[in-house]
Structures are given as structure tokens and as C-alpha cells.
>>> print(open('model-v1.cif').read())   # mmCIF, C-alpha atoms and all ligand atoms
data_run
#
loop_
_atom_site.group_PDB
_atom_site.id
_atom_site.type_symbol
_atom_site.label_atom_id
_atom_site.label_comp_id
_atom_site.auth_asym_id
_atom_site.auth_seq_id
_atom_site.Cartn_x
_atom_site.Cartn_y
_atom_site.Cartn_z
ATOM 1 C CA THR M 1 22.465 61.133 2.756
ATOM 2 C CA ALA M 2 22.524 57.476 3.601
ATOM 3 C CA ASP M 3 23.163 55.282 0.601
ATOM 4 C CA GLN M 4 21.406 51.977 0.484
ATOM 5 C CA TRP M 5 24.669 50.056 0.609
ATOM 6 C CA GLU M 6 25.986 52.055 3.556
ATOM 7 C CA VAL M 7 25.926 50.156 6.852
ATOM 8 C CA ASP M 8 25.261 52.327 9.907
ATOM 9 C CA PRO M 9 28.118 51.641 12.363
ATOM 10 C CA GLU M 10 25.593 51.876 15.230
ATOM 11 C CA GLU M 11 23.813 48.817 13.867
ATOM 12 C CA LEU M 12 26.951 46.726 13.631
ATOM 13 C CA ILE M 13 28.032 44.666 16.630
ATOM 14 C CA LEU M 14 31.474 43.098 16.451
ATOM 15 C CA GLY M 15 32.384 39.734 17.998
ATOM 16 C CA GLN M 16 35.369 37.429 17.827
ATOM 17 C CA GLU M 17 38.064 37.298 15.184
ATOM 18 C CA LEU M 18 37.510 34.813 12.333
ATOM 19 C CA GLY M 19 40.780 35.194 10.496
ATOM 20 C CA SER M 20 42.922 37.638 8.670
ATOM 21 C CA GLY M 21 43.615 38.256 5.019
ATOM 22 C CA GLN M 22 45.250 40.621 2.604
ATOM 23 C CA PHE M 23 43.113 43.563 3.613
ATOM 24 C CA GLY M 24 43.172 43.061 7.342
ATOM 25 C CA LEU M 25 41.189 41.331 10.069
ATOM 26 C CA VAL M 26 37.920 39.494 9.527
ATOM 27 C CA MET M 27 35.558 39.542 12.534
ATOM 28 C CA GLU M 28 32.316 37.821 13.307
ATOM 29 C CA GLY M 29 29.470 40.255 13.872
ATOM 30 C CA LYS M 30 25.789 40.923 14.014
ATOM 31 C CA TRP M 31 23.891 43.346 11.813
ATOM 32 C CA ARG M 32 20.111 43.770 12.071
ATOM 33 C CA GLU M 33 19.622 40.336 13.680
ATOM 34 C CA THR M 34 21.761 38.655 11.020
ATOM 35 C CA ARG M 35 25.095 37.000 11.799
ATOM 36 C CA VAL M 36 27.707 38.478 9.509
ATOM 37 C CA ALA M 37 31.431 38.472 8.756
ATOM 38 C CA VAL M 38 33.030 41.916 8.837
ATOM 39 C CA LYS M 39 36.173 42.538 6.828
ATOM 40 C CA MET M 40 38.102 45.446 8.287
ATOM 41 C CA ILE M 41 40.134 47.235 5.643
ATOM 42 C CA ARG M 42 43.523 48.311 6.912
ATOM 43 C CA ASP M 43 44.417 51.914 6.221
ATOM 44 C CA LYS M 44 45.666 52.570 2.710
ATOM 45 C CA CYS M 45 44.933 48.982 1.845
ATOM 46 C CA MET M 46 42.299 49.892 -0.665
ATOM 47 C CA SER M 47 41.676 53.019 -2.696
ATOM 48 C CA ASP M 48 38.250 53.809 -1.285
ATOM 49 C CA GLU M 49 36.733 55.944 -4.028
ATOM 50 C CA ASP M 50 37.260 53.181 -6.584
ATOM 51 C CA PHE M 51 36.043 50.680 -4.123
ATOM 52 C CA LYS M 52 32.814 52.436 -3.162
ATOM 53 C CA GLU M 53 31.877 52.604 -6.809
ATOM 54 C CA GLU M 54 32.569 48.927 -7.306
ATOM 55 C CA ALA M 55 30.871 47.838 -4.075
ATOM 56 C CA ARG M 56 27.607 48.948 -5.657
ATOM 57 C CA VAL M 57 28.190 46.563 -8.532
ATOM 58 C CA MET M 58 29.201 43.753 -6.197
ATOM 59 C CA MET M 59 26.136 44.176 -4.011
ATOM 60 C CA LYS M 60 23.861 43.716 -6.980
ATOM 61 C CA LEU M 61 25.449 40.335 -7.632
ATOM 62 C CA SER M 62 23.290 37.940 -5.723
ATOM 63 C CA HIS M 63 23.231 34.156 -5.949
ATOM 64 C CA SER M 64 22.951 31.254 -3.505
ATOM 65 C CA ARG M 65 26.479 30.120 -4.433
ATOM 66 C CA LEU M 66 28.142 33.513 -3.947
ATOM 67 C CA VAL M 67 29.083 34.912 -0.527
ATOM 68 C CA GLN M 68 26.747 37.892 -0.326
ATOM 69 C CA LEU M 69 28.102 41.379 0.317
ATOM 70 C CA TYR M 70 25.447 43.098 2.474
ATOM 71 C CA GLY M 71 26.993 46.523 2.636
ATOM 72 C CA VAL M 72 29.963 48.719 3.348
ATOM 73 C CA CYS M 73 30.701 50.884 6.319
ATOM 74 C CA THR M 74 32.730 53.785 4.983
ATOM 75 C CA GLN M 75 31.903 56.216 7.774
ATOM 76 C CA ARG M 76 34.275 54.764 10.220
ATOM 77 C CA SER M 77 37.950 54.034 10.205
ATOM 78 C CA PRO M 78 38.939 51.393 9.359
ATOM 79 C CA MET M 79 36.401 51.075 6.579
ATOM 80 C CA CYS M 80 34.709 47.690 6.589
ATOM 81 C CA LEU M 81 32.752 45.343 4.371
ATOM 82 C CA VAL M 82 29.836 43.328 5.722
ATOM 83 C CA PHE M 83 29.358 39.828 4.293
ATOM 84 C CA GLU M 84 27.195 36.790 4.796
ATOM 85 C CA LEU M 85 28.726 34.655 7.585
ATOM 86 C CA MET M 86 30.123 31.323 6.434
ATOM 87 C CA GLU M 87 30.330 29.172 9.566
ATOM 88 C CA ASN M 88 32.628 26.500 8.180
ATOM 89 C CA GLY M 89 35.415 28.806 7.000
ATOM 90 C CA CYS M 90 37.453 28.561 3.840
ATOM 91 C CA LEU M 91 37.236 25.551 1.518
ATOM 92 C CA SER M 92 40.952 24.709 1.514
ATOM 93 C CA ASP M 93 41.044 24.359 5.329
ATOM 94 C CA TYR M 94 37.726 22.521 5.321
ATOM 95 C CA LEU M 95 39.095 19.952 2.865
ATOM 96 C CA ARG M 96 42.348 19.449 4.821
ATOM 97 C CA ASP M 97 40.472 19.006 8.103
ATOM 98 C CA ARG M 98 38.287 16.274 6.598
ATOM 99 C CA LYS M 99 40.968 14.331 4.815
ATOM 100 C CA GLY M 100 39.871 10.722 4.377
ATOM 101 C CA CYS M 101 36.228 11.525 5.215
ATOM 102 C CA LEU M 102 35.036 13.090 1.971
ATOM 103 C CA SER M 103 32.747 10.995 -0.220
ATOM 104 C CA GLN M 104 32.660 11.114 -4.017
ATOM 105 C CA GLU M 105 29.219 12.647 -3.779
ATOM 106 C CA MET M 106 30.469 15.462 -1.530
ATOM 107 C CA MET M 107 33.446 16.259 -3.746
ATOM 108 C CA LEU M 108 31.295 16.376 -6.876
ATOM 109 C CA GLY M 109 28.745 18.510 -4.998
ATOM 110 C CA MET M 110 31.435 21.015 -4.043
ATOM 111 C CA CYS M 111 32.556 21.317 -7.681
ATOM 112 C CA LEU M 112 28.930 21.809 -8.692
ATOM 113 C CA ASP M 113 28.404 24.546 -6.094
ATOM 114 C CA VAL M 114 31.412 26.528 -7.294
ATOM 115 C CA SER M 115 30.455 26.068 -10.962
ATOM 116 C CA GLU M 116 26.929 27.362 -10.234
ATOM 117 C CA GLY M 117 28.234 30.518 -8.568
ATOM 118 C CA MET M 118 30.730 31.039 -11.355
ATOM 119 C CA ALA M 119 28.155 30.416 -14.126
ATOM 120 C CA TYR M 120 26.184 33.260 -12.567
ATOM 121 C CA LEU M 121 29.237 35.560 -12.508
ATOM 122 C CA GLU M 122 30.014 34.581 -16.108
ATOM 123 C CA SER M 123 26.467 35.447 -17.190
ATOM 124 C CA SER M 124 26.828 38.771 -15.338
ATOM 125 C CA ASN M 125 30.044 39.441 -17.294
ATOM 126 C CA PHE M 126 31.945 39.662 -14.026
ATOM 127 C CA ILE M 127 35.470 38.225 -13.842
ATOM 128 C CA HIS M 128 36.595 36.798 -10.504
ATOM 129 C CA ARG M 129 40.389 37.064 -11.121
ATOM 130 C CA ASP M 130 41.475 35.129 -8.026
ATOM 131 C CA LEU M 131 39.496 31.913 -7.966
ATOM 132 C CA ALA M 132 41.076 29.283 -5.675
ATOM 133 C CA ALA M 133 39.861 26.985 -2.882
ATOM 134 C CA ARG M 134 41.201 29.504 -0.348
ATOM 135 C CA ASN M 135 38.714 32.040 -1.787
ATOM 136 C CA CYS M 136 35.694 29.781 -1.483
ATOM 137 C CA LEU M 137 33.871 29.484 1.847
ATOM 138 C CA VAL M 138 31.730 26.748 3.390
ATOM 139 C CA SER M 139 28.348 27.487 4.992
ATOM 140 C CA LYS M 140 26.741 25.906 8.052
ATOM 141 C CA ASN M 141 24.880 23.521 5.721
ATOM 142 C CA ILE M 142 28.096 22.618 3.880
ATOM 143 C CA GLU M 143 27.272 24.576 0.763
ATOM 144 C CA VAL M 144 30.353 25.967 -0.947
ATOM 145 C CA LYS M 145 30.168 29.593 -2.064
ATOM 146 C CA VAL M 146 32.489 31.770 -4.087
ATOM 147 C CA SER M 147 34.001 34.726 -2.234
ATOM 148 C CA ASP M 148 36.315 37.666 -2.871
ATOM 149 C CA PHE M 149 35.241 38.178 -6.490
ATOM 150 C CA GLY M 150 36.979 41.054 -8.187
ATOM 151 C CA MET M 151 38.743 42.075 -4.991
ATOM 152 C CA THR M 152 42.340 41.788 -6.209
ATOM 153 C CA ARG M 153 41.792 44.944 -8.246
ATOM 154 C CA PHE M 154 41.714 46.878 -4.996
ATOM 155 C CA VAL M 155 44.943 45.539 -3.570
ATOM 156 C CA PRO M 156 47.447 48.367 -4.001
ATOM 157 C CA ASP M 157 50.283 45.981 -3.121
ATOM 158 C CA ASP M 158 51.717 45.079 -6.533
ATOM 159 C CA GLN M 159 53.368 42.024 -4.987
ATOM 160 C CA TYR M 160 50.032 40.380 -5.488
ATOM 161 C CA THR M 161 48.954 41.854 -8.782
ATOM 162 C CA SER M 162 52.137 41.630 -10.850
ATOM 163 C CA SER M 163 52.710 38.151 -12.238
ATOM 164 C CA GLN M 164 56.461 38.574 -11.695
ATOM 165 C CA CYS M 165 56.037 38.812 -7.951
ATOM 166 C CA SER M 166 56.107 36.194 -5.265
ATOM 167 C CA LYS M 167 52.541 36.557 -3.991
ATOM 168 C CA PHE M 168 50.909 36.365 -7.432
ATOM 169 C CA PRO M 169 48.768 33.194 -7.566
ATOM 170 C CA VAL M 170 50.673 31.702 -10.528
ATOM 171 C CA LYS M 171 49.623 28.156 -9.655
ATOM 172 C CA TRP M 172 45.943 29.065 -10.245
ATOM 173 C CA SER M 173 46.513 31.335 -13.245
ATOM 174 C CA ALA M 174 45.954 30.697 -16.947
ATOM 175 C CA PRO M 175 48.990 31.139 -19.231
ATOM 176 C CA GLU M 176 47.584 34.344 -20.819
ATOM 177 C CA VAL M 177 47.201 35.855 -17.343
ATOM 178 C CA ILE M 178 50.796 35.052 -16.437
ATOM 179 C CA LYS M 179 52.058 36.394 -19.774
ATOM 180 C CA TYR M 180 49.841 39.392 -20.506
ATOM 181 C CA CYS M 181 47.520 39.836 -17.502
ATOM 182 C CA LYS M 182 44.652 38.994 -19.828
ATOM 183 C CA PHE M 183 41.787 38.131 -17.472
ATOM 184 C CA SER M 184 38.462 36.737 -18.718
ATOM 185 C CA SER M 185 35.854 34.139 -17.777
ATOM 186 C CA LYS M 186 38.114 31.744 -19.702
ATOM 187 C CA SER M 187 40.975 32.498 -17.317
ATOM 188 C CA ASP M 188 38.555 31.990 -14.404
ATOM 189 C CA ILE M 189 37.673 28.558 -15.810
ATOM 190 C CA TRP M 190 41.376 27.608 -15.773
ATOM 191 C CA SER M 191 41.441 28.448 -12.056
ATOM 192 C CA PHE M 192 38.240 26.450 -11.600
ATOM 193 C CA GLY M 193 40.034 23.388 -13.004
ATOM 194 C CA VAL M 194 42.673 23.881 -10.298
ATOM 195 C CA ILE M 195 39.922 24.102 -7.624
ATOM 196 C CA MET M 196 38.526 20.776 -8.851
ATOM 197 C CA TRP M 197 42.032 19.370 -8.477
ATOM 198 C CA GLU M 198 42.262 20.787 -4.925
ATOM 199 C CA ILE M 199 38.893 19.276 -3.994
ATOM 200 C CA TYR M 200 39.765 15.787 -5.293
ATOM 201 C CA ASN M 201 43.137 15.997 -3.536
ATOM 202 C CA GLU M 202 41.516 16.919 -0.197
ATOM 203 C CA GLY M 203 43.024 20.382 -0.026
ATOM 204 C CA ARG M 204 46.568 19.641 -1.160
ATOM 205 C CA LEU M 205 48.395 22.589 -2.663
ATOM 206 C CA PRO M 206 48.907 22.307 -6.419
ATOM 207 C CA TYR M 207 52.529 21.851 -7.598
ATOM 208 C CA GLU M 208 53.489 21.591 -3.931
ATOM 209 C CA ASN M 209 57.258 21.459 -4.163
ATOM 210 C CA ARG M 210 57.746 23.595 -7.236
ATOM 211 C CA SER M 211 58.598 27.257 -7.599
ATOM 212 C CA ASN M 212 56.480 29.601 -9.704
ATOM 213 C CA THR M 213 59.203 29.678 -12.378
ATOM 214 C CA GLU M 214 59.246 25.892 -12.585
ATOM 215 C CA VAL M 215 55.460 25.807 -12.870
ATOM 216 C CA VAL M 216 55.467 28.301 -15.737
ATOM 217 C CA GLU M 217 58.125 26.263 -17.565
ATOM 218 C CA SER M 218 56.268 23.003 -17.196
ATOM 219 C CA LEU M 219 52.973 24.579 -18.338
ATOM 220 C CA ASN M 220 54.757 26.014 -21.387
ATOM 221 C CA SER M 221 56.032 22.584 -22.278
ATOM 222 C CA GLY M 222 52.446 21.288 -22.189
ATOM 223 C CA MET M 223 52.505 19.548 -18.815
ATOM 224 C CA ARG M 224 49.505 19.710 -16.516
ATOM 225 C CA LEU M 225 48.543 18.718 -12.966
ATOM 226 C CA LEU M 226 48.161 14.951 -12.682
ATOM 227 C CA LYS M 227 44.915 13.096 -12.089
ATOM 228 C CA PRO M 228 44.061 13.016 -8.381
ATOM 229 C CA ARG M 229 43.806 9.441 -7.109
ATOM 230 C CA MET M 230 40.184 9.969 -6.106
ATOM 231 C CA ALA M 231 39.033 11.668 -9.305
ATOM 232 C CA PRO M 232 37.033 9.506 -11.738
ATOM 233 C CA ASP M 233 38.279 9.715 -15.351
ATOM 234 C CA ALA M 234 35.315 11.831 -16.434
ATOM 235 C CA VAL M 235 36.077 14.359 -13.698
ATOM 236 C CA TYR M 236 39.742 14.569 -14.679
ATOM 237 C CA GLN M 237 38.761 15.049 -18.324
ATOM 238 C CA LEU M 238 36.759 18.085 -17.249
ATOM 239 C CA MET M 239 39.728 19.577 -15.343
ATOM 240 C CA ASP M 240 41.987 18.957 -18.301
ATOM 241 C CA TRP M 241 39.502 20.707 -20.616
ATOM 242 C CA CYS M 242 39.755 23.783 -18.351
ATOM 243 C CA TRP M 243 43.538 23.761 -18.879
ATOM 244 C CA LYS M 244 43.594 24.019 -22.684
ATOM 245 C CA GLU M 245 46.287 26.408 -23.844
ATOM 246 C CA LYS M 246 43.924 28.500 -25.981
ATOM 247 C CA PRO M 247 41.177 30.250 -23.989
ATOM 248 C CA ASP M 248 38.600 29.519 -26.725
ATOM 249 C CA ASP M 249 39.249 25.787 -26.464
ATOM 250 C CA ARG M 250 38.210 25.779 -22.793
ATOM 251 C CA PRO M 251 34.600 25.219 -21.697
ATOM 252 C CA SER M 252 32.326 27.936 -20.334
ATOM 253 C CA PHE M 253 31.071 27.650 -16.759
ATOM 254 C CA VAL M 254 27.587 26.822 -18.038
ATOM 255 C CA GLN M 255 29.037 23.912 -20.000
ATOM 256 C CA VAL M 256 30.996 22.648 -17.000
ATOM 257 C CA LEU M 257 27.951 23.008 -14.797
ATOM 258 C CA HIS M 258 25.923 20.809 -17.158
ATOM 259 C CA GLU M 259 28.703 18.224 -17.396
ATOM 260 C CA LEU M 260 29.042 18.013 -13.621
ATOM 261 C CA ALA M 261 25.297 17.800 -13.125
ATOM 262 C CA ALA M 262 25.172 14.921 -15.628
ATOM 263 C CA LEU M 263 27.919 13.080 -13.717
ATOM 264 C CA GLY M 264 25.912 13.519 -10.522
ATOM 265 C CA ASN M 265 22.893 11.874 -12.131
ATOM 266 C CA LEU M 266 24.735 8.718 -13.204
HETATM 267 P P1 LIG H 1 41.424 38.427 2.156
HETATM 268 O O1 LIG H 1 40.542 38.260 0.981
HETATM 269 O O2 LIG H 1 41.495 39.821 2.662
HETATM 270 O O3 LIG H 1 42.756 37.798 1.960
HETATM 271 P P2 LIG H 1 39.962 36.335 3.300
HETATM 272 O O4 LIG H 1 38.700 36.548 2.575
HETATM 273 O O5 LIG H 1 40.859 35.245 2.838
HETATM 274 O O6 LIG H 1 40.749 37.672 3.359
HETATM 275 O O7 LIG H 1 39.604 36.120 4.833
HETATM 276 C C1 LIG H 1 40.522 35.639 5.763
HETATM 277 C C2 LIG H 1 39.880 34.565 6.605
HETATM 278 O O8 LIG H 1 38.728 35.072 7.287
HETATM 279 C C3 LIG H 1 39.363 33.394 5.788
HETATM 280 O O9 LIG H 1 40.338 32.407 5.594
HETATM 281 C C4 LIG H 1 38.194 32.874 6.633
HETATM 282 O O10 LIG H 1 38.677 31.984 7.616
HETATM 283 C C5 LIG H 1 37.677 34.128 7.295
HETATM 284 N N1 LIG H 1 36.512 34.671 6.566
HETATM 285 C C6 LIG H 1 36.517 35.542 5.522
HETATM 286 N N2 LIG H 1 35.274 35.812 5.081
HETATM 287 C C7 LIG H 1 34.442 35.093 5.863
HETATM 288 C C8 LIG H 1 33.007 34.923 5.917
HETATM 289 N N3 LIG H 1 32.196 35.556 5.060
HETATM 290 N N4 LIG H 1 32.504 34.073 6.845
HETATM 291 C C9 LIG H 1 33.326 33.417 7.691
HETATM 292 N N5 LIG H 1 34.672 33.531 7.696
HETATM 293 C C10 LIG H 1 35.235 34.346 6.803
#
>>> encode(input="model-v1.cif", output="C-alpha cells")
Amino acid sequence: TADQWEVDPEELILGQELGSGQFGLVMEGKWRETRVAVKMIRDKCMSDEDFKEEARVMMKLSHSRLVQLYGVCTQRSPMCLVFELMENGCLSDYLRDRKGCLSQEMMLGMCLDVSEGMAYLESSNFIHRDLAARNCLVSKNIEVKVSDFGMTRFVPDDQYTSSQCSKFPVKWSAPEVIKYCKFSSKSDIWSFGVIMWEIYNEGRLPYENRSNTEVVESLNSGMRLLKPRMAPDAVYQLMDWCWKEKPDDRPSFVQVLHELAALGNL
């Protein structure tokens, strides 16, 4: 029986390679007259029973600022996931490529886009767990959308999921995630503060020349990322609010969304 989220491999036409990630290659494709991005899942790279269950949840999440999952193709090997195509690639590369050309309005707009997608996830009680500019994508019309939500749970490689290991995204993680793996929308908002920092620094990597251990030490002693040269004070105050030690002292995404929208109306 064909499930509604199952993509018929006959209907999927594959084109050129777009990139590669933790799970394997990402290809451009066409599915029922729609241009799509197809994520091929390398063998043993994802426990598929768990995933199929969760894909149903992820497909129900639908918002203009989230990269839409259209379906999964589990009938062929490698298994693949079919997503909305984002012509302008990932946000971190987009920012680096346009260094010196980004206006204040564009940077604020990008922060707003991400906060809208995340406010929707927050209201759906869905935790992203790996929010970073590299996991946001840019559409043909330069809208920024949140991608890869919840996906780290399906990476069997514990290099990525254990905070002790080298691939763990320590530089985007809230202290309680690093210490106890306690994920929540309040740990997502910490990561969002780091995305704002990345946007206003035109795609620079946070804590560029520091090791994960050094970053953890400096966070513990109360230090935070510095104000990007291009960030207005009000914008930096918002980032800094996202980096409060106690999760409850941080804003919600809805709050941040309203604050950003107000700044845009000044
Ligand atoms: P993973 O999550 O497996 O690490 P990514 O999602 O980072 O993989 O994808 C790797 C690359 O493929 C991205 O940097 C981007 O360039 C490209 N890509 C991924 N998803 C899409 C998409 N929906 N549209 C266009 N390009 C994409």
C-alpha cells in the first residue's frame, strides 16, 4: 500500500549534484513538475524504521519559512528524502559570497525569516537541535528558510551527537546542551542568537580561532561573542538576550520575532 508520504521512484527524475552532507549526496531533481532537492541517505546512515515514523511528523510541519519535506522514497536503495529546492544554497555560503554587499535591511530580514520559521516550530513543540547558518537555505527570491530540523537524532555517528566529540556543534550550543544534552526551544534560541551573529558578520565562523574546550571555558566564565561591527545596539541586545545562562531568562521565538519586526518598522 502506498503511503501518502511515499514518493514513487518512477516519478522522481534526478539531475546534477547540489552538495553533500552528513547523510550523503544532495541532488537536484524533478518530482511531478516541481523542482526538488533529493537527499540520498547513505547506507546505515540512518535507522530507517525510526526515521519513517518521524518523517510523517516532519511532513506535517509546513510553513513558508521552513524548507518543506515533500516525501520519502524508502523503496529504493539508497533511501532518499525529497525537499523543496532552495536555489541559492545554504545561508553561510550565501553570506560569505556577498560580503560587503549586504544592507542592514537584508540582514534584519534574514533574522526575521529564521525567527518566523522557528516561532512556528516552537508553537508546534518541535525542537530543531542543530540550528546554525549552515542549516538554513536561501530561496530563489532570497527568502531564508530553516532546514534539517530534528535530523541530528537520526545520525548514528556519535561523533556528532556526543558533546565530547569533535564534530558536535559546540559553538552553536547552549550551556545546558553541552553539559547535559538538555535540548529545548530555549536551547534553539541560543543557537538563533549565534545565527544572528553570523548574519551580521557576513558568514564569519563564530569563535574562529578557538577550540571547543576554550569556547566552553569562556562561556562558563560569562564571556559571550562580541558585537558585530555592523549590528546596531538593539540587534546585539537581542543576541545577548538569547545567550542568558538560564534557559528561562532567554526570550521565546515569538518574543524575538516581535522585537525584530519592531526594529524593521523604525
Ligand atoms: P546534511 O544535513 O546531510 O549535512 P545538508 O543539508 O547540509 O546535508 O546539505 C548539503 C548541501 O546540499 C547544502 O550545503 C546545500 O548546498 C545543498 N542542499 C541541501 N538541501 C538543499 C535544498 N533543499 N535545496 C538546495 N540545496 C540543498
>>> residues_near_ligand(input="model-v1.cif", ligand="ligand LIG 1 (chain H)", cutoff="9 Å", atoms="all atoms listed in the file", output="number ranges by chain")
M: 17-28, 36-41, 67-69, 82-93, 134-139, 147-148, 151-152
>>> closest_residue(input="model-v1.cif", among="M:Leu219, M:Ala132, M:Ile127, M:Met196", to="Pro175 of chain M", atoms="only C-alpha atoms")
M:Leu219
>>> closest_residue(input="model-v1.cif", among="M:Lys179, M:Asp249, M:Phe154, M:Gly117", to="Glu53 of chain M", atoms="all atoms listed in the file")
M:Phe154
>>> resolve_selection(input="model-v1.cif", expression="the PyMOL selection byres (((chain M and resi 11) around 12) and not hetatm)", output="JSON list (two decimals) with C-alpha atoms, in the frame of the given file")
[["chain", "number", "residue", "atom", "x", "y", "z"],
["M", 6, "GLU", "CA", 25.99, 52.06, 3.56],
["M", 7, "VAL", "CA", 25.93, 50.16, 6.85],
["M", 8, "ASP", "CA", 25.26, 52.33, 9.91],
["M", 9, "PRO", "CA", 28.12, 51.64, 12.36],
["M", 10, "GLU", "CA", 25.59, 51.88, 15.23],
["M", 12, "LEU", "CA", 26.95, 46.73, 13.63],
["M", 13, "ILE", "CA", 28.03, 44.67, 16.63],
["M", 14, "LEU", "CA", 31.47, 43.10, 16.45],
["M", 29, "GLY", "CA", 29.47, 40.26, 13.87],
["M", 30, "LYS", "CA", 25.79, 40.92, 14.01],
["M", 31, "TRP", "CA", 23.89, 43.35, 11.81],
["M", 32, "ARG", "CA", 20.11, 43.77, 12.07],
["M", 33, "GLU", "CA", 19.62, 40.34, 13.68],
["M", 34, "THR", "CA", 21.76, 38.66, 11.02],
["M", 36, "VAL", "CA", 27.71, 38.48, 9.51],
["M", 71, "GLY", "CA", 26.99, 46.52, 2.64],
["M", 73, "CYS", "CA", 30.70, 50.88, 6.32],
["M", 82, "VAL", "CA", 29.84, 43.33, 5.72]]
>>> resolve_selection(input="model-v1.cif", expression="the PyMOL selection byres (((chain M and resi 256) around 10) and not hetatm)", output="ChimeraX atom specification")
/M:111-112,115-116,119,189,192-193,238-239,241-242,250-255,257-262
>>> decode(input="model-v1.cif", residues="segment 131-191 of chain M", atoms="C-alpha atoms", output="PDB file, in the first residue's frame")
ATOM      1  CA  LEU M 131      20.201  25.446  14.256  1.00  0.00           C
ATOM      2  CA  ALA M 132      23.086  27.251  12.501  1.00  0.00           C
ATOM      3  CA  ALA M 133      23.501  29.343   9.338  1.00  0.00           C
ATOM      4  CA  ARG M 134      24.815  26.232   7.560  1.00  0.00           C
ATOM      5  CA  ASN M 135      21.400  24.613   8.200  1.00  0.00           C
ATOM      6  CA  CYS M 136      19.382  27.470   6.755  1.00  0.00           C
ATOM      7  CA  LEU M 137      18.858  27.712   2.991  1.00  0.00           C
ATOM      8  CA  VAL M 138      18.160  30.632   0.659  1.00  0.00           C
ATOM      9  CA  SER M 139      15.391  30.511  -1.960  1.00  0.00           C
ATOM     10  CA  LYS M 140      15.333  31.972  -5.469  1.00  0.00           C
ATOM     11  CA  ASN M 141      13.574  35.052  -4.052  1.00  0.00           C
ATOM     12  CA  ILE M 142      16.164  35.404  -1.276  1.00  0.00           C
ATOM     13  CA  GLU M 143      13.891  34.181   1.475  1.00  0.00           C
ATOM     14  CA  VAL M 144      15.763  32.348   4.212  1.00  0.00           C
ATOM     15  CA  LYS M 145      14.237  29.078   5.398  1.00  0.00           C
ATOM     16  CA  VAL M 146      15.102  26.721   8.211  1.00  0.00           C
ATOM     17  CA  SER M 147      16.236  23.248   7.156  1.00  0.00           C
ATOM     18  CA  ASP M 148      17.319  19.959   8.710  1.00  0.00           C
ATOM     19  CA  PHE M 149      15.062  20.257  11.765  1.00  0.00           C
ATOM     20  CA  GLY M 150      15.307  17.323  14.112  1.00  0.00           C
ATOM     21  CA  MET M 151      17.630  15.450  11.775  1.00  0.00           C
ATOM     22  CA  THR M 152      20.591  15.028  14.133  1.00  0.00           C
ATOM     23  CA  ARG M 153      18.576  12.432  16.032  1.00  0.00           C
ATOM     24  CA  PHE M 154      18.991  10.123  13.065  1.00  0.00           C
ATOM     25  CA  VAL M 155      22.743  10.415  12.758  1.00  0.00           C
ATOM     26  CA  PRO M 156      24.094   7.156  14.177  1.00  0.00           C
ATOM     27  CA  ASP M 157      27.607   8.627  14.189  1.00  0.00           C
ATOM     28  CA  ASP M 158      28.086   9.641  17.830  1.00  0.00           C
ATOM     29  CA  GLN M 159      30.920  11.944  16.774  1.00  0.00           C
ATOM     30  CA  TYR M 160      28.190  14.404  16.011  1.00  0.00           C
ATOM     31  CA  THR M 161      25.766  13.733  18.813  1.00  0.00           C
ATOM     32  CA  SER M 162      28.066  13.476  21.830  1.00  0.00           C
ATOM     33  CA  SER M 163      29.116  16.875  23.134  1.00  0.00           C
ATOM     34  CA  GLN M 164      32.575  15.479  23.932  1.00  0.00           C
ATOM     35  CA  CYS M 165      33.302  14.807  20.289  1.00  0.00           C
ATOM     36  CA  SER M 166      34.937  16.910  17.647  1.00  0.00           C
ATOM     37  CA  LYS M 167      32.002  17.242  15.252  1.00  0.00           C
ATOM     38  CA  PHE M 168      29.491  18.325  17.911  1.00  0.00           C
ATOM     39  CA  PRO M 169      28.386  21.906  17.127  1.00  0.00           C
ATOM     40  CA  VAL M 170      29.597  23.305  20.473  1.00  0.00           C
ATOM     41  CA  LYS M 171      29.905  26.834  19.097  1.00  0.00           C
ATOM     42  CA  TRP M 172      26.126  26.943  18.442  1.00  0.00           C
ATOM     43  CA  SER M 173      25.069  25.064  21.577  1.00  0.00           C
ATOM     44  CA  ALA M 174      23.574  26.352  24.822  1.00  0.00           C
ATOM     45  CA  PRO M 175      25.487  25.523  28.028  1.00  0.00           C
ATOM     46  CA  GLU M 176      22.821  23.023  29.216  1.00  0.00           C
ATOM     47  CA  VAL M 177      23.147  21.160  25.909  1.00  0.00           C
ATOM     48  CA  ILE M 178      26.918  20.925  26.244  1.00  0.00           C
ATOM     49  CA  LYS M 179      26.641  19.817  29.881  1.00  0.00           C
ATOM     50  CA  TYR M 180      23.565  17.587  29.976  1.00  0.00           C
ATOM     51  CA  CYS M 181      22.281  17.288  26.389  1.00  0.00           C
ATOM     52  CA  LYS M 182      19.180  19.131  27.542  1.00  0.00           C
ATOM     53  CA  PHE M 183      17.561  20.311  24.303  1.00  0.00           C
ATOM     54  CA  SER M 184      14.538  22.638  24.256  1.00  0.00           C
ATOM     55  CA  SER M 185      13.189  25.626  22.336  1.00  0.00           C
ATOM     56  CA  LYS M 186      15.300  27.654  24.781  1.00  0.00           C
ATOM     57  CA  SER M 187      18.437  25.888  23.565  1.00  0.00           C
ATOM     58  CA  ASP M 188      17.299  26.539  19.976  1.00  0.00           C
ATOM     59  CA  ILE M 189      17.009  30.249  20.802  1.00  0.00           C
ATOM     60  CA  TRP M 190      20.646  30.255  21.982  1.00  0.00           C
ATOM     61  CA  SER M 191      21.641  28.892  18.565  1.00  0.00           C
TER      62      SER M 191
END
